[in-house]
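Listing of final_2.cif, mmCIF, C-alpha atoms
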```cif
data_structure
#
loop_
_atom_site.group_PDB
_atom_site.id
_atom_site.type_symbol
_atom_site.label_atom_id
_atom_site.label_comp_id
_atom_site.auth_asym_id
_atom_site.auth_seq_id
_atom_site.Cartn_x
_atom_site.Cartn_y
_atom_site.Cartn_z
ATOM 1 C CA MET A 14 -193.279 -91.095 -117.165
ATOM 2 C CA ARG A 15 -193.733 -87.329 -116.811
ATOM 3 C CA PRO A 16 -192.051 -85.056 -119.347
ATOM 4 C CA ILE A 17 -188.706 -83.621 -118.357
ATOM 5 C CA ALA A 18 -189.903 -80.109 -119.263
ATOM 6 C CA ASN A 19 -192.360 -80.227 -116.366
ATOM 7 C CA THR A 20 -190.364 -82.005 -113.710
ATOM 8 C CA ARG A 21 -186.815 -80.669 -113.700
ATOM 9 C CA SER A 22 -186.506 -77.320 -112.009
ATOM 10 C CA ALA A 23 -182.884 -76.839 -111.039
ATOM 11 C CA ALA A 24 -183.164 -73.241 -112.234
ATOM 12 C CA GLY A 25 -186.074 -72.466 -109.882
ATOM 13 C CA ILE A 26 -188.650 -72.760 -112.663
ATOM 14 C CA THR A 27 -189.621 -75.688 -114.841
ATOM 15 C CA THR A 28 -187.280 -76.458 -117.721
ATOM 16 C CA GLY A 29 -190.015 -75.850 -120.287
ATOM 17 C CA ARG A 30 -190.702 -72.349 -119.018
ATOM 18 C CA LEU A 31 -186.995 -71.558 -118.840
ATOM 19 C CA ALA A 32 -186.655 -72.678 -122.465
ATOM 20 C CA VAL A 33 -189.475 -70.359 -123.539
ATOM 21 C CA TRP A 34 -187.821 -67.418 -121.771
ATOM 22 C CA TRP A 35 -184.612 -68.220 -123.669
ATOM 23 C CA VAL A 36 -186.613 -68.205 -126.900
ATOM 24 C CA VAL A 37 -188.104 -64.839 -125.950
ATOM 25 C CA GLY A 38 -184.619 -63.500 -125.156
ATOM 26 C CA SER A 39 -183.282 -64.557 -128.557
ATOM 27 C CA GLU A 40 -186.358 -63.089 -130.253
ATOM 28 C CA ILE A 41 -185.699 -59.766 -128.502
ATOM 29 C CA VAL A 42 -182.314 -59.665 -130.225
ATOM 30 C CA ILE A 43 -183.801 -60.633 -133.616
ATOM 31 C CA PHE A 44 -186.742 -58.217 -133.615
ATOM 32 C CA GLY A 45 -184.837 -55.608 -131.599
ATOM 33 C CA GLY A 46 -182.087 -55.536 -134.204
ATOM 34 C CA LEU A 47 -184.665 -55.243 -136.961
ATOM 35 C CA LEU A 48 -186.530 -52.402 -135.251
ATOM 36 C CA ALA A 49 -183.264 -50.625 -134.392
ATOM 37 C CA SER A 50 -182.239 -50.857 -138.059
ATOM 38 C CA TYR A 51 -185.554 -49.369 -139.105
ATOM 39 C CA ILE A 52 -185.312 -46.512 -136.613
ATOM 40 C CA MET A 53 -181.812 -45.495 -137.680
ATOM 41 C CA HIS A 54 -182.715 -45.588 -141.391
ATOM 42 C CA ARG A 55 -186.014 -43.808 -140.786
ATOM 43 C CA LEU A 56 -184.233 -40.994 -138.921
ATOM 44 C CA ALA A 57 -181.522 -40.781 -141.576
ATOM 45 C CA HIS A 58 -183.827 -40.711 -144.606
ATOM 46 C CA ALA A 59 -186.768 -38.303 -144.636
ATOM 47 C CA SER A 60 -188.143 -40.013 -147.739
ATOM 48 C CA TRP A 61 -189.117 -43.030 -145.631
ATOM 49 C CA ALA A 62 -191.808 -40.921 -143.936
ATOM 50 C CA GLU A 63 -193.346 -40.194 -147.327
ATOM 51 C CA GLN A 64 -193.403 -43.923 -148.128
ATOM 52 C CA ALA A 65 -194.888 -44.749 -144.703
ATOM 53 C CA ALA A 66 -197.808 -42.458 -145.544
ATOM 54 C CA HIS A 67 -199.020 -45.135 -147.996
ATOM 55 C CA THR A 68 -199.640 -47.777 -145.308
ATOM 56 C CA ASN A 69 -203.253 -48.162 -144.187
ATOM 57 C CA VAL A 70 -203.509 -47.098 -140.546
ATOM 58 C CA TRP A 71 -207.058 -48.480 -140.176
ATOM 59 C CA ILE A 72 -205.885 -51.969 -141.101
ATOM 60 C CA GLY A 73 -202.970 -51.635 -138.677
ATOM 61 C CA LEU A 74 -205.357 -50.482 -135.949
ATOM 62 C CA PHE A 75 -207.716 -53.400 -136.551
ATOM 63 C CA ASN A 76 -204.918 -55.973 -136.541
ATOM 64 C CA THR A 77 -203.458 -54.537 -133.329
ATOM 65 C CA PHE A 78 -206.860 -54.866 -131.678
ATOM 66 C CA VAL A 79 -207.159 -58.454 -132.939
ATOM 67 C CA LEU A 80 -203.775 -59.405 -131.471
ATOM 68 C CA LEU A 81 -204.508 -57.696 -128.133
ATOM 69 C CA THR A 82 -207.792 -59.609 -127.919
ATOM 70 C CA SER A 83 -206.090 -62.891 -128.832
ATOM 71 C CA SER A 84 -203.612 -62.241 -126.004
ATOM 72 C CA LEU A 85 -206.559 -61.919 -123.611
ATOM 73 C CA PHE A 86 -207.808 -65.340 -124.720
ATOM 74 C CA ALA A 87 -204.307 -66.799 -124.304
ATOM 75 C CA VAL A 88 -204.046 -65.630 -120.697
ATOM 76 C CA LEU A 89 -207.596 -66.844 -119.977
ATOM 77 C CA ALA A 90 -206.535 -70.251 -121.332
ATOM 78 C CA HIS A 91 -203.559 -70.160 -118.975
ATOM 79 C CA TYR A 92 -205.862 -69.353 -116.052
ATOM 80 C CA ALA A 93 -208.235 -72.168 -116.987
ATOM 81 C CA ALA A 94 -205.363 -74.658 -117.273
ATOM 82 C CA GLU A 95 -203.411 -73.693 -114.173
ATOM 83 C CA THR A 96 -205.951 -72.464 -111.638
ATOM 84 C CA GLU A 97 -209.115 -74.299 -112.675
ATOM 85 C CA ARG A 98 -207.291 -77.387 -114.057
ATOM 86 C CA ASN A 99 -209.927 -77.373 -116.805
ATOM 87 C CA GLY A 100 -208.289 -78.709 -119.978
ATOM 88 C CA PRO A 101 -211.314 -78.477 -122.321
ATOM 89 C CA LYS A 102 -211.942 -74.863 -121.285
ATOM 90 C CA ALA A 103 -208.257 -73.997 -121.829
ATOM 91 C CA ALA A 104 -208.418 -75.676 -125.249
ATOM 92 C CA ARG A 105 -211.491 -73.603 -126.139
ATOM 93 C CA TYR A 106 -209.700 -70.341 -125.262
ATOM 94 C CA LEU A 107 -206.637 -71.478 -127.213
ATOM 95 C CA LEU A 108 -208.861 -72.018 -130.249
ATOM 96 C CA PHE A 109 -210.196 -68.455 -129.858
ATOM 97 C CA THR A 110 -206.553 -67.305 -129.780
ATOM 98 C CA PHE A 111 -205.863 -69.382 -132.886
ATOM 99 C CA PHE A 112 -208.725 -67.718 -134.747
ATOM 100 C CA GLY A 113 -207.394 -64.314 -133.652
ATOM 101 C CA GLY A 114 -204.099 -65.223 -135.302
ATOM 102 C CA LEU A 115 -205.922 -66.484 -138.394
ATOM 103 C CA THR A 116 -207.881 -63.225 -138.664
ATOM 104 C CA PHE A 117 -204.644 -61.281 -138.324
ATOM 105 C CA LEU A 118 -203.002 -63.246 -141.155
ATOM 106 C CA LEU A 119 -206.011 -63.003 -143.469
ATOM 107 C CA VAL A 120 -206.224 -59.233 -142.990
ATOM 108 C CA LYS A 121 -202.465 -58.992 -143.491
ATOM 109 C CA ALA A 122 -202.736 -61.001 -146.735
ATOM 110 C CA ALA A 123 -205.479 -58.687 -148.016
ATOM 111 C CA GLU A 124 -203.439 -55.636 -147.028
ATOM 112 C CA TRP A 125 -200.335 -56.904 -148.836
ATOM 113 C CA THR A 126 -202.398 -57.714 -151.918
ATOM 114 C CA ILE A 127 -203.655 -54.120 -152.036
ATOM 115 C CA GLU A 128 -200.146 -52.721 -151.553
ATOM 116 C CA ILE A 129 -198.449 -54.990 -154.088
ATOM 117 C CA THR A 130 -201.196 -54.283 -156.625
ATOM 118 C CA ALA A 131 -200.578 -50.572 -156.075
ATOM 119 C CA GLY A 132 -196.906 -51.086 -156.947
ATOM 120 C CA TYR A 133 -195.370 -51.113 -153.465
ATOM 121 C CA THR A 134 -193.242 -54.261 -153.541
ATOM 122 C CA VAL A 135 -190.302 -55.520 -151.509
ATOM 123 C CA THR A 136 -187.905 -54.110 -154.115
ATOM 124 C CA SER A 137 -189.550 -50.674 -154.441
ATOM 125 C CA ASN A 138 -187.205 -48.942 -151.969
ATOM 126 C CA GLY A 139 -185.682 -49.218 -148.499
ATOM 127 C CA PHE A 140 -188.890 -48.534 -146.594
ATOM 128 C CA TRP A 141 -190.928 -51.201 -148.367
ATOM 129 C CA SER A 142 -188.049 -53.707 -148.087
ATOM 130 C CA PHE A 143 -188.086 -53.204 -144.345
ATOM 131 C CA TYR A 144 -191.888 -53.178 -144.207
ATOM 132 C CA TYR A 145 -192.242 -56.595 -145.865
ATOM 133 C CA THR A 146 -189.264 -58.061 -143.982
ATOM 134 C CA ALA A 147 -190.447 -56.963 -140.535
ATOM 135 C CA ALA A 148 -194.150 -57.665 -141.078
ATOM 136 C CA GLY A 149 -193.329 -60.934 -142.860
ATOM 137 C CA LEU A 150 -191.035 -62.148 -140.074
ATOM 138 C CA HIS A 151 -193.702 -61.228 -137.550
ATOM 139 C CA ALA A 152 -196.414 -62.998 -139.556
ATOM 140 C CA THR A 153 -194.203 -66.111 -139.698
ATOM 141 C CA HIS A 154 -194.039 -66.049 -135.905
ATOM 142 C CA VAL A 155 -197.821 -65.695 -135.740
ATOM 143 C CA LEU A 156 -198.204 -68.711 -138.033
ATOM 144 C CA ALA A 157 -195.732 -70.782 -135.979
ATOM 145 C CA GLY A 158 -197.595 -69.847 -132.782
ATOM 146 C CA MET A 159 -200.915 -70.872 -134.318
ATOM 147 C CA ILE A 160 -199.604 -74.318 -135.297
ATOM 148 C CA ILE A 161 -198.108 -74.925 -131.837
ATOM 149 C CA MET A 162 -201.335 -73.667 -130.275
ATOM 150 C CA LEU A 163 -203.387 -76.279 -132.140
ATOM 151 C CA ILE A 164 -201.063 -79.046 -130.878
ATOM 152 C CA VAL A 165 -201.227 -77.734 -127.296
ATOM 153 C CA ALA A 166 -205.021 -77.309 -127.500
ATOM 154 C CA HIS A 167 -205.426 -80.887 -128.764
ATOM 155 C CA ALA A 168 -203.568 -82.241 -125.726
ATOM 156 C CA ALA A 169 -205.276 -79.836 -123.313
ATOM 157 C CA ARG A 170 -208.711 -80.961 -124.528
ATOM 158 C CA GLN A 171 -207.797 -84.446 -123.276
ATOM 159 C CA GLY A 172 -206.477 -83.036 -119.998
ATOM 160 C CA ARG A 173 -202.827 -83.691 -120.914
ATOM 161 C CA GLU A 174 -199.759 -81.432 -120.740
ATOM 162 C CA LEU A 175 -201.646 -78.483 -119.277
ATOM 163 C CA HIS A 176 -198.381 -76.745 -118.345
ATOM 164 C CA ARG A 177 -197.794 -76.163 -122.067
ATOM 165 C CA VAL A 178 -200.749 -73.744 -122.165
ATOM 166 C CA GLU A 179 -198.714 -71.214 -120.204
ATOM 167 C CA LEU A 180 -195.642 -71.751 -122.388
ATOM 168 C CA ILE A 181 -197.399 -71.072 -125.683
ATOM 169 C CA GLY A 182 -199.094 -68.115 -123.974
ATOM 170 C CA ILE A 183 -195.735 -66.511 -123.080
ATOM 171 C CA TYR A 184 -194.606 -66.870 -126.696
ATOM 172 C CA TRP A 185 -197.886 -65.454 -128.025
ATOM 173 C CA HIS A 186 -197.786 -62.425 -125.727
ATOM 174 C CA PHE A 187 -194.266 -61.690 -126.926
ATOM 175 C CA VAL A 188 -195.435 -61.792 -130.554
ATOM 176 C CA ASP A 189 -198.167 -59.356 -129.481
ATOM 177 C CA ILE A 190 -195.570 -57.027 -127.902
ATOM 178 C CA VAL A 191 -193.506 -57.020 -131.115
ATOM 179 C CA TRP A 192 -196.587 -55.887 -133.044
ATOM 180 C CA ILE A 193 -197.286 -53.206 -130.409
ATOM 181 C CA PHE A 194 -193.984 -51.616 -131.511
ATOM 182 C CA LEU A 195 -194.357 -52.348 -135.229
ATOM 183 C CA PHE A 196 -197.766 -50.620 -135.338
ATOM 184 C CA PRO A 197 -196.552 -47.075 -134.504
ATOM 185 C CA LEU A 198 -193.339 -47.512 -136.506
ATOM 186 C CA LEU A 199 -194.996 -48.687 -139.732
ATOM 187 C CA TYR A 200 -198.449 -47.124 -139.571
ATOM 188 C CA ILE A 201 -198.557 -44.103 -137.270
ATOM 189 C CA ALA A 202 -195.230 -42.246 -137.553
ATOM 190 C CA LYS A 203 -195.616 -40.594 -140.955
ATOM 191 C CA MET B 299 -198.333 -67.979 -112.248
ATOM 192 C CA ALA B 300 -201.894 -67.090 -113.288
ATOM 193 C CA SER B 301 -202.551 -65.442 -109.939
ATOM 194 C CA HIS B 302 -205.199 -62.982 -111.124
ATOM 195 C CA GLY B 303 -208.762 -63.795 -112.067
ATOM 196 C CA PRO B 304 -210.491 -63.381 -115.444
ATOM 197 C CA GLN B 305 -211.925 -59.981 -114.383
ATOM 198 C CA HIS B 306 -208.425 -58.632 -113.889
ATOM 199 C CA TYR B 307 -207.324 -59.812 -117.338
ATOM 200 C CA GLN B 308 -210.435 -58.302 -118.917
ATOM 201 C CA LYS B 309 -209.690 -54.995 -117.178
ATOM 202 C CA ILE B 310 -206.131 -55.012 -118.541
ATOM 203 C CA TRP B 311 -207.467 -55.784 -122.030
ATOM 204 C CA LEU B 312 -209.862 -52.827 -121.719
ATOM 205 C CA ILE B 313 -207.004 -50.514 -120.678
ATOM 206 C CA LEU B 314 -204.916 -51.790 -123.613
ATOM 207 C CA SER B 315 -207.797 -51.105 -126.002
ATOM 208 C CA VAL B 316 -208.236 -47.548 -124.702
ATOM 209 C CA LEU B 317 -204.478 -46.941 -125.002
ATOM 210 C CA LEU B 318 -204.609 -48.262 -128.566
ATOM 211 C CA VAL B 319 -207.275 -45.701 -129.439
ATOM 212 C CA VAL B 320 -205.225 -42.921 -127.802
ATOM 213 C CA SER B 321 -202.114 -43.943 -129.758
ATOM 214 C CA PHE B 322 -204.207 -43.858 -132.936
ATOM 215 C CA VAL B 323 -205.853 -40.484 -132.263
ATOM 216 C CA GLY B 324 -202.728 -38.731 -130.901
ATOM 217 C CA PRO B 325 -200.947 -38.214 -134.247
ATOM 218 C CA PHE B 326 -204.171 -36.839 -135.801
ATOM 219 C CA VAL B 327 -204.383 -34.267 -132.995
ATOM 220 C CA ALA B 328 -200.681 -33.521 -133.599
ATOM 221 C CA ASP B 329 -201.463 -32.856 -137.270
ATOM 222 C CA ALA B 330 -204.139 -30.378 -136.204
ATOM 223 C CA LEU B 331 -201.654 -28.679 -133.875
ATOM 224 C CA ARG B 332 -199.198 -28.261 -136.750
ATOM 225 C CA ALA B 333 -201.745 -26.018 -138.440
ATOM 226 C CA SER B 334 -201.623 -23.632 -135.498
ATOM 227 C CA GLU B 335 -198.556 -21.410 -135.176
ATOM 228 C CA SER B 336 -198.765 -21.112 -131.389
ATOM 229 C CA LEU B 337 -199.222 -24.846 -130.769
ATOM 230 C CA GLU B 338 -196.990 -26.204 -133.527
ATOM 231 C CA ALA B 339 -194.139 -26.930 -131.102
ATOM 232 C CA LEU B 340 -196.350 -29.391 -129.225
ATOM 233 C CA ALA B 341 -197.010 -31.559 -132.286
ATOM 234 C CA LEU B 342 -193.811 -33.619 -132.268
ATOM 235 C CA PRO B 343 -193.773 -34.320 -128.494
ATOM 236 C CA LEU B 344 -197.445 -35.309 -128.676
ATOM 237 C CA THR B 345 -196.795 -37.728 -131.557
ATOM 238 C CA LEU B 346 -193.814 -39.292 -129.801
ATOM 239 C CA LEU B 347 -195.705 -39.561 -126.525
ATOM 240 C CA THR B 348 -198.911 -41.037 -127.917
ATOM 241 C CA ALA B 349 -197.367 -43.302 -130.549
ATOM 242 C CA PHE B 350 -194.206 -44.563 -128.878
ATOM 243 C CA GLY B 351 -194.625 -43.686 -125.179
ATOM 244 C CA ILE B 352 -197.926 -45.552 -125.123
ATOM 245 C CA ALA B 353 -196.351 -48.477 -127.022
ATOM 246 C CA PHE B 354 -193.888 -48.923 -124.138
ATOM 247 C CA TRP B 355 -196.760 -48.650 -121.636
ATOM 248 C CA LYS B 356 -198.818 -51.261 -123.507
ATOM 249 C CA ALA B 357 -195.813 -53.587 -123.790
ATOM 250 C CA TRP B 358 -195.225 -53.328 -120.042
ATOM 251 C CA LEU B 359 -198.899 -54.039 -119.288
ATOM 252 C CA VAL B 360 -198.785 -57.181 -121.453
ATOM 253 C CA ALA B 361 -195.432 -58.327 -120.023
ATOM 254 C CA LYS B 362 -196.497 -57.752 -116.410
ATOM 255 C CA ASN B 363 -200.102 -58.902 -116.455
ATOM 256 C CA PHE B 364 -200.252 -61.494 -119.248
ATOM 257 C CA MET B 365 -196.683 -62.891 -119.280
ATOM 258 C CA HIS B 366 -196.326 -62.457 -115.482
ATOM 259 C CA VAL B 367 -192.729 -61.379 -115.987
ATOM 260 C CA ASN B 368 -192.692 -59.625 -112.612
ATOM 261 C CA VAL B 369 -193.143 -62.881 -110.678
ATOM 262 C CA GLN B 370 -190.466 -64.833 -112.547
ATOM 263 C CA PRO B 371 -187.082 -65.480 -110.901
ATOM 264 C CA ARG B 372 -184.913 -62.395 -111.025
ATOM 265 C CA TYR B 373 -182.424 -63.972 -113.422
ATOM 266 C CA VAL B 374 -185.150 -64.177 -116.095
ATOM 267 C CA LEU B 375 -185.389 -60.380 -115.975
ATOM 268 C CA TYR B 376 -181.586 -60.171 -116.185
ATOM 269 C CA LEU B 377 -181.672 -62.491 -119.208
ATOM 270 C CA LEU B 378 -184.228 -60.312 -121.008
ATOM 271 C CA ALA B 379 -182.445 -57.100 -119.987
ATOM 272 C CA THR B 380 -179.134 -58.462 -121.324
ATOM 273 C CA CYS B 381 -180.769 -59.113 -124.696
ATOM 274 C CA LEU B 382 -182.112 -55.538 -124.717
ATOM 275 C CA VAL B 383 -178.611 -54.242 -123.936
ATOM 276 C CA PHE B 384 -177.256 -56.229 -126.908
ATOM 277 C CA MET B 385 -179.855 -54.485 -129.067
ATOM 278 C CA LEU B 386 -178.730 -51.065 -127.797
ATOM 279 C CA LEU B 387 -175.087 -51.996 -128.402
ATOM 280 C CA PHE B 388 -175.981 -52.938 -131.964
ATOM 281 C CA TYR B 389 -177.717 -49.598 -132.420
ATOM 282 C CA ALA B 390 -174.847 -47.623 -130.892
ATOM 283 C CA GLY B 391 -172.293 -49.458 -133.012
ATOM 284 C CA THR B 392 -174.015 -49.173 -136.371
ATOM 285 C CA ALA B 393 -176.106 -45.974 -136.151
ATOM 286 C CA PRO B 394 -173.240 -43.526 -136.812
ATOM 287 C CA ASP B 395 -172.335 -45.379 -140.010
ATOM 288 C CA VAL B 396 -175.940 -45.465 -141.188
ATOM 289 C CA MET B 397 -177.133 -42.054 -140.083
ATOM 290 C CA LYS B 398 -174.121 -39.895 -140.868
ATOM 291 C CA GLN B 399 -173.192 -39.003 -144.419
ATOM 292 C CA ALA B 400 -169.700 -37.795 -143.567
ATOM 293 C CA GLY B 401 -167.222 -37.732 -140.688
ATOM 294 C CA SER B 402 -163.548 -37.185 -139.983
ATOM 295 C CA ASN B 403 -161.653 -38.229 -143.106
ATOM 296 C CA TRP B 404 -164.589 -40.139 -144.639
ATOM 297 C CA THR B 405 -167.684 -39.511 -146.747
ATOM 298 C CA LYS B 406 -170.391 -41.616 -148.383
ATOM 299 C CA PRO B 407 -170.768 -39.867 -151.758
ATOM 300 C CA PRO B 408 -173.040 -42.433 -153.481
ATOM 301 C CA ILE B 409 -175.458 -42.551 -150.527
ATOM 302 C CA ALA B 410 -175.352 -38.790 -150.098
ATOM 303 C CA GLU B 411 -176.194 -38.297 -153.765
ATOM 304 C CA ALA B 412 -179.024 -40.818 -153.615
ATOM 305 C CA VAL B 413 -180.466 -39.139 -150.525
ATOM 306 C CA HIS B 414 -180.202 -35.765 -152.211
ATOM 307 C CA ALA B 415 -182.036 -37.153 -155.237
ATOM 308 C CA GLY B 416 -184.739 -38.615 -152.975
ATOM 309 C CA GLN B 417 -184.003 -42.198 -154.032
ATOM 310 C CA HIS B 418 -182.883 -43.547 -150.661
#
```
Before we go any further, please render this structure as structure tokens.
Amino acid sequence: MRPIANTRSAAGITTGRLAVWWVVGSEIVIFGGLLASYIMHRLAHASWAEQAAHTNVWIGLFNTFVLLTSSLFAVLAHYAAETERNGPKAARYLLFTFFGGLTFLLVKAAEWTIEITAGYTVTSNGFWSFYYTAAGLHATHVLAGMIIMLIVAHAARQGRELHRVELIGIYWHFVDIVWIFLFPLLYIAK
Amino acid sequence: MASHGPQHYQKIWLILSVLLVVSFVGPFVADALRASESLEALALPLTLLTAFGIAFWKAWLVAKNFMHVNVQPRYVLYLLATCLVFMLLFYAGTAPDVMKQAGSNWTKPPIAEAVHAGQH
């Protein structure tokens, strides 16, 4: 029996893909609200710019590059799964994407360790509260994507459920887009 | 939906990487402009353009070329646009309360004092 996510398409696209777009839509509201909150507080309080000057722009730059590269691997996995129907190759690209996410989280952990050691904690002031909330929520999404990616890659390696490669890719690219906006807000605009 | 080949995706990744470098370098150039009296006025527009303008450009490149949002059914775009409108409504509804310290017949003395003291 084929999964319902890949066979029903009353909406013009498969149910699985429609579900992922709904997830992305709800995430836009979650992260959009968070970013909008940051922007209005940042514009209202000049002291936030002084606090933002303590974030390490080189680390932010490196992590942005890592996520952009992991997105490339995710779309290459999609291409391998859909056009070439090559499950093992798609799984290999998904693993590269997974390691991109892992690198991102490890660098983020090191960065937070440096900042917390320097005295910038979640209770220091408004800027750092937002910084840890936004980056932490984003990192949680990265972690969730990595776990799902391992499950999808395991099936793809055996040539099963190849349509899921695209679905996890859409989610991963969205997580990438969120970071594209977090990077200038938290690291560049000082 | 993966209609393009690997070369196309690699090209988009290269463009994204170049844009990332530009968004990184832009604010440094803006800082240099601030040191010059004649070019100081260009600093803020340059920062906004390189940091945030390029962020929108990069996001569109990822959405169009990696997520293939442009070849989805039109209602998917409407769905995403509706969520963005909700975000703008949230901003419009709450920003005056957050960003203003006083208005007609109301003030926020504790916040205003904290801001004045540099604690907020």
Picked residues, the PyMOL selection byres ((chain B) within 6 of (chain A)), as a PyMOL selection string: chain B and resi 300+349+353+357+364-365+378+381+385+389+393+397
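For the atom pair formed by CA of Ile164 (chain A) and CA of Gly149 (chain A), the distance is 23.1 Å, given to one decimal.
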Please provide as an mmCIF file with C-alpha atoms, in the coordinates of the input all residues within 7 Å of region 309-320 of chain B, with the sequence filter that same-chain residues fewer than 2 positions apart are discarded (counting all atoms listed in the file).
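Listed below is the output, out-v2.cif:
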```cif
data_model
loop_
_atom_site.group_PDB
_atom_site.id
_atom_site.type_symbol
_atom_site.label_atom_id
_atom_site.label_comp_id
_atom_site.auth_asym_id
_atom_site.auth_seq_id
_atom_site.Cartn_x
_atom_site.Cartn_y
_atom_site.Cartn_z
ATOM 1 C CA PHE A 78 -206.860 -54.866 -131.678
ATOM 2 C CA LEU A 85 -206.559 -61.919 -123.611
ATOM 3 C CA GLN B 305 -211.925 -59.981 -114.383
ATOM 4 C CA HIS B 306 -208.425 -58.632 -113.889
ATOM 5 C CA TYR B 307 -207.324 -59.812 -117.338
ATOM 6 C CA PHE B 322 -204.207 -43.858 -132.936
ATOM 7 C CA VAL B 323 -205.853 -40.484 -132.263
ATOM 8 C CA GLY B 324 -202.728 -38.731 -130.901
ATOM 9 C CA THR B 348 -198.911 -41.037 -127.917
ATOM 10 C CA ILE B 352 -197.926 -45.552 -125.123
ATOM 11 C CA LYS B 356 -198.818 -51.261 -123.507
#
```
Leaving out Phe326 (chain B) and any residue of its chain fewer than 6 positions from it, which residues lie within 10 Å of it when counting all atoms listed in the file, given as a PDB file with C-alpha atoms, in the frame of the given file?
```pdb
ATOM      1  CA  ILE A 201    -198.557 -44.103-137.270  1.00  0.00           C
TER       2      ILE A 201
ATOM      3  CA  ARG B 332    -199.198 -28.261-136.750  1.00  0.00           C
ATOM      4  CA  ALA B 341    -197.010 -31.559-132.286  1.00  0.00           C
ATOM      5  CA  LEU B 344    -197.445 -35.309-128.676  1.00  0.00           C
ATOM      6  CA  THR B 345    -196.795 -37.728-131.557  1.00  0.00           C
TER       7      THR B 345
END
```
Coordinates-based distance that separates CA of Phe111 (chain A) from CA of Leu156 (chain A) (Å, one decimal): 9.3 Å
Point-to-point distance in Å for CA of His176 (chain A) and CA of Arg98 (chain A): 9.9 Å
Enclose region 179-193 of chain A, meaning all of its atoms listed in the file, in a box aligned along x, y and z, pad it by 4 Å on each side, and list the centre and edge lengths in Å to one decimal, as JSON.
```
{"center_x": -196.3, "center_y": -62.5, "center_z": -126.6, "size_x": 13.6, "size_y": 26.5, "size_z": 20.8}
```
Matched chain/residue IDs from the PyMOL selection byres ((chain A and resi 112) around 12), as an MDAnalysis selection string: chainID A and resid 79:80 82:84 86:87 105:111 113:119 155:156 158:160 162:163
Dump as a tab-separated table (two decimals), in the coordinates of the input, selection limited to C-alpha atoms:
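So selection_25.tsv came out as:
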```tsv
chain	number	residue	atom	x	y	z
A	79	VAL	CA	-207.16	-58.45	-132.94
A	80	LEU	CA	-203.78	-59.40	-131.47
A	82	THR	CA	-207.79	-59.61	-127.92
A	83	SER	CA	-206.09	-62.89	-128.83
A	84	SER	CA	-203.61	-62.24	-126.00
A	86	PHE	CA	-207.81	-65.34	-124.72
A	87	ALA	CA	-204.31	-66.80	-124.30
A	105	ARG	CA	-211.49	-73.60	-126.14
A	106	TYR	CA	-209.70	-70.34	-125.26
A	107	LEU	CA	-206.64	-71.48	-127.21
A	108	LEU	CA	-208.86	-72.02	-130.25
A	109	PHE	CA	-210.20	-68.46	-129.86
A	110	THR	CA	-206.55	-67.31	-129.78
A	111	PHE	CA	-205.86	-69.38	-132.89
A	113	GLY	CA	-207.39	-64.31	-133.65
A	114	GLY	CA	-204.10	-65.22	-135.30
A	115	LEU	CA	-205.92	-66.48	-138.39
A	116	THR	CA	-207.88	-63.22	-138.66
A	117	PHE	CA	-204.64	-61.28	-138.32
A	118	LEU	CA	-203.00	-63.25	-141.16
A	119	LEU	CA	-206.01	-63.00	-143.47
A	155	VAL	CA	-197.82	-65.69	-135.74
A	156	LEU	CA	-198.20	-68.71	-138.03
A	158	GLY	CA	-197.60	-69.85	-132.78
A	159	MET	CA	-200.92	-70.87	-134.32
A	160	ILE	CA	-199.60	-74.32	-135.30
A	162	MET	CA	-201.34	-73.67	-130.28
A	163	LEU	CA	-203.39	-76.28	-132.14
```
